[in-house]
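J.: There's a structure below that I have some questions on.
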Amino acid sequence: MTEQVDDSAELVERVAALDIGKATVMACTRIPHEDGRRRLQEVREYGTTTGALLALAGQLHELGVTLVVMEATDYWKPVFYLLEAEGFTCWLLNARHVKNVPGRPKTDKLDAVWLAKVAERGMCRPSLVHPRPIRELRDLTRYRRSLIRERTAEKQRVEKLLEDAHLKLSSVITTSTGWPGGRC
């Protein structure tokens, strides 16, 4: 369902805005009309599976979209990363900045349209999303930190269990190995 909308003074010529949910992505694209004075606006719903997101990327390529904006929700990462890998300029918008603009609607469809209008008129700025190598390093670092925390928690549980049994850790190590201090 494509409709003609008469809006002037846009800054971004071809823009798409995504309202991302757990199971669906509502996409609003706004591109120039052939007469150059009006805008064509199309709103479609896509799934969040990889196949559906690739279909979304294909549609955006066909329309010549140059900028894809989305609000930072719990589900933005897979969509952002896939579209970024497909060659789009992706902006992650801080929800507080966009919500503070008066006139914000409440439905997914209207939300996507609102985001597209805000982005094409330059009324928003993107949040920082680190380049892929930095993101991967940060993910690995966080994972390592969580593993260390889990290991420490397990050690503390064992120590507490031994204390409750009135055993000292050093005496358990000595008796289990036969050597003082647990060395072989």
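The chains in the structure tokens are called A, B, ... from first to last as shown; in each chain the residues are counted from 1, and the ligands are counted from 1 in the order shown.
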List every residue of stretch 77-153 of chain A that has an atom at most 12 Å from any atom of stretch 37-60 of chain A, and for each one report the closest atom pair and its distance in Å to one decimal, counting only C-alpha atoms, with rows sorted by chain and then by increasing residue number, as CSV.
T.:
residue,atom,partner,partner_atom,distance
A:Lys77,CA,A:Thr48,CA,11.2
A:Pro78,CA,A:Thr48,CA,8.5
A:Val79,CA,A:Leu53,CA,7.0
A:Phe80,CA,A:Leu53,CA,10.0
A:Tyr81,CA,A:Leu53,CA,10.6
A:Leu82,CA,A:Leu53,CA,7.6
A:Leu83,CA,A:Ala57,CA,6.4
A:Glu84,CA,A:Ala57,CA,9.7
A:Ala85,CA,A:Ala57,CA,10.0
A:Glu86,CA,A:Ala57,CA,7.0
A:Gly87,CA,A:Ala57,CA,9.3
A:Phe88,CA,A:Ala57,CA,8.6
A:Thr89,CA,A:Leu60,CA,11.6
A:Cys90,CA,A:Ala57,CA,11.8
A:Asp108,CA,A:Glu45,CA,9.6
A:Lys109,CA,A:Val43,CA,7.0
A:Leu110,CA,A:Val43,CA,9.2
A:Asp111,CA,A:Val43,CA,10.7
A:Ala112,CA,A:Val43,CA,7.9
A:Val113,CA,A:Val43,CA,7.6
A:Trp114,CA,A:Val43,CA,11.4
A:Leu115,CA,A:Val43,CA,11.9
A:Ala116,CA,A:Gln41,CA,9.4
A:Lys117,CA,A:Gln41,CA,10.1
A:Glu120,CA,A:Arg39,CA,11.0
J.: Please write the residues from the selection above to a file, keeping N, CA, C and O atoms, as a short mmCIF file (atom, residue, chain, number, x, y, z; two decimals), in the first residue's frame.
T.:
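Output file result_22.cif follows:
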data_model
loop_
_atom_site.label_atom_id
_atom_site.label_comp_id
_atom_site.auth_asym_id
_atom_site.auth_seq_id
_atom_site.Cartn_x
_atom_site.Cartn_y
_atom_site.Cartn_z
N LYS A 77 19.64 -5.49 17.91
CA LYS A 77 20.95 -5.98 17.46
C LYS A 77 20.90 -6.85 16.20
O LYS A 77 21.64 -6.59 15.25
N PRO A 78 20.08 -7.92 16.14
CA PRO A 78 20.10 -8.74 14.92
C PRO A 78 19.73 -7.95 13.67
O PRO A 78 20.33 -8.13 12.62
N VAL A 79 18.74 -7.08 13.79
CA VAL A 79 18.29 -6.29 12.64
C VAL A 79 19.40 -5.31 12.23
O VAL A 79 19.74 -5.21 11.05
N PHE A 80 19.95 -4.62 13.17
CA PHE A 80 21.01 -3.65 12.90
C PHE A 80 22.20 -4.33 12.24
O PHE A 80 22.70 -3.86 11.21
N TYR A 81 22.67 -5.42 12.82
CA TYR A 81 23.87 -6.09 12.31
C TYR A 81 23.64 -6.65 10.90
O TYR A 81 24.52 -6.57 10.05
N LEU A 82 22.47 -7.21 10.64
CA LEU A 82 22.20 -7.76 9.32
C LEU A 82 22.14 -6.65 8.28
O LEU A 82 22.75 -6.77 7.21
N LEU A 83 21.42 -5.57 8.58
CA LEU A 83 21.32 -4.48 7.61
C LEU A 83 22.66 -3.78 7.42
O LEU A 83 22.99 -3.36 6.31
N GLU A 84 23.44 -3.68 8.47
CA GLU A 84 24.78 -3.11 8.36
C GLU A 84 25.65 -3.98 7.44
O GLU A 84 26.38 -3.46 6.58
N ALA A 85 25.54 -5.30 7.59
CA ALA A 85 26.31 -6.22 6.74
C ALA A 85 25.84 -6.15 5.28
O ALA A 85 26.62 -6.42 4.36
N GLU A 86 24.59 -5.75 5.07
CA GLU A 86 24.05 -5.62 3.71
C GLU A 86 24.45 -4.29 3.06
O GLU A 86 24.05 -4.01 1.94
N GLY A 87 25.18 -3.45 3.79
CA GLY A 87 25.70 -2.23 3.21
C GLY A 87 24.92 -0.96 3.50
O GLY A 87 25.21 0.08 2.92
N PHE A 88 23.96 -1.01 4.38
CA PHE A 88 23.18 0.18 4.70
C PHE A 88 23.86 1.00 5.79
O PHE A 88 24.55 0.46 6.64
N THR A 89 23.62 2.31 5.75
CA THR A 89 24.01 3.17 6.86
C THR A 89 22.90 3.05 7.89
O THR A 89 21.76 3.41 7.61
N CYS A 90 23.22 2.52 9.05
CA CYS A 90 22.21 2.28 10.08
C CYS A 90 22.44 3.23 11.25
O CYS A 90 23.58 3.40 11.69
N ASP A 108 2.59 0.72 16.27
CA ASP A 108 3.83 0.34 15.57
C ASP A 108 3.93 1.00 14.20
O ASP A 108 4.98 1.50 13.82
N LYS A 109 2.82 0.99 13.45
CA LYS A 109 2.83 1.57 12.12
C LYS A 109 3.09 3.07 12.19
O LYS A 109 3.96 3.60 11.50
N LEU A 110 2.36 3.76 13.03
CA LEU A 110 2.54 5.21 13.15
C LEU A 110 3.90 5.55 13.75
O LEU A 110 4.49 6.58 13.42
N ASP A 111 4.40 4.69 14.60
CA ASP A 111 5.72 4.90 15.19
C ASP A 111 6.79 4.84 14.11
O ASP A 111 7.72 5.65 14.09
N ALA A 112 6.68 3.87 13.20
CA ALA A 112 7.65 3.76 12.11
C ALA A 112 7.58 4.98 11.21
O ALA A 112 8.62 5.51 10.78
N VAL A 113 6.37 5.45 10.91
CA VAL A 113 6.22 6.64 10.07
C VAL A 113 6.83 7.85 10.77
O VAL A 113 7.54 8.65 10.16
N TRP A 114 6.57 7.97 12.06
CA TRP A 114 7.11 9.09 12.83
C TRP A 114 8.64 9.08 12.83
O TRP A 114 9.29 10.11 12.61
N LEU A 115 9.22 7.91 13.04
CA LEU A 115 10.69 7.80 13.03
C LEU A 115 11.27 8.20 11.67
O LEU A 115 12.30 8.86 11.59
N ALA A 116 10.59 7.79 10.59
CA ALA A 116 11.06 8.13 9.24
C ALA A 116 11.04 9.64 9.04
O ALA A 116 11.98 10.23 8.50
N LYS A 117 9.97 10.29 9.46
CA LYS A 117 9.87 11.74 9.31
C LYS A 117 10.92 12.46 10.15
O LYS A 117 11.53 13.43 9.71
N GLU A 120 14.36 11.88 8.36
CA GLU A 120 14.57 12.56 7.08
C GLU A 120 14.70 14.07 7.25
O GLU A 120 15.31 14.73 6.43
#
J.: Residues of stretch 5-128 of chain A in helix (DSSP H, G or I) according to DSSP, as a ChimeraX atom specification?
T.: /A:50-63,76-85,95-99,108-120
J.: Which residue is closest to A:Lys22? Choose from A:Arg157, A:His130, A:Trp76, A:Arg151 and count only C-alpha atoms.
T.: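 Result for the nearest residue to A:Lys22: A:Trp76.
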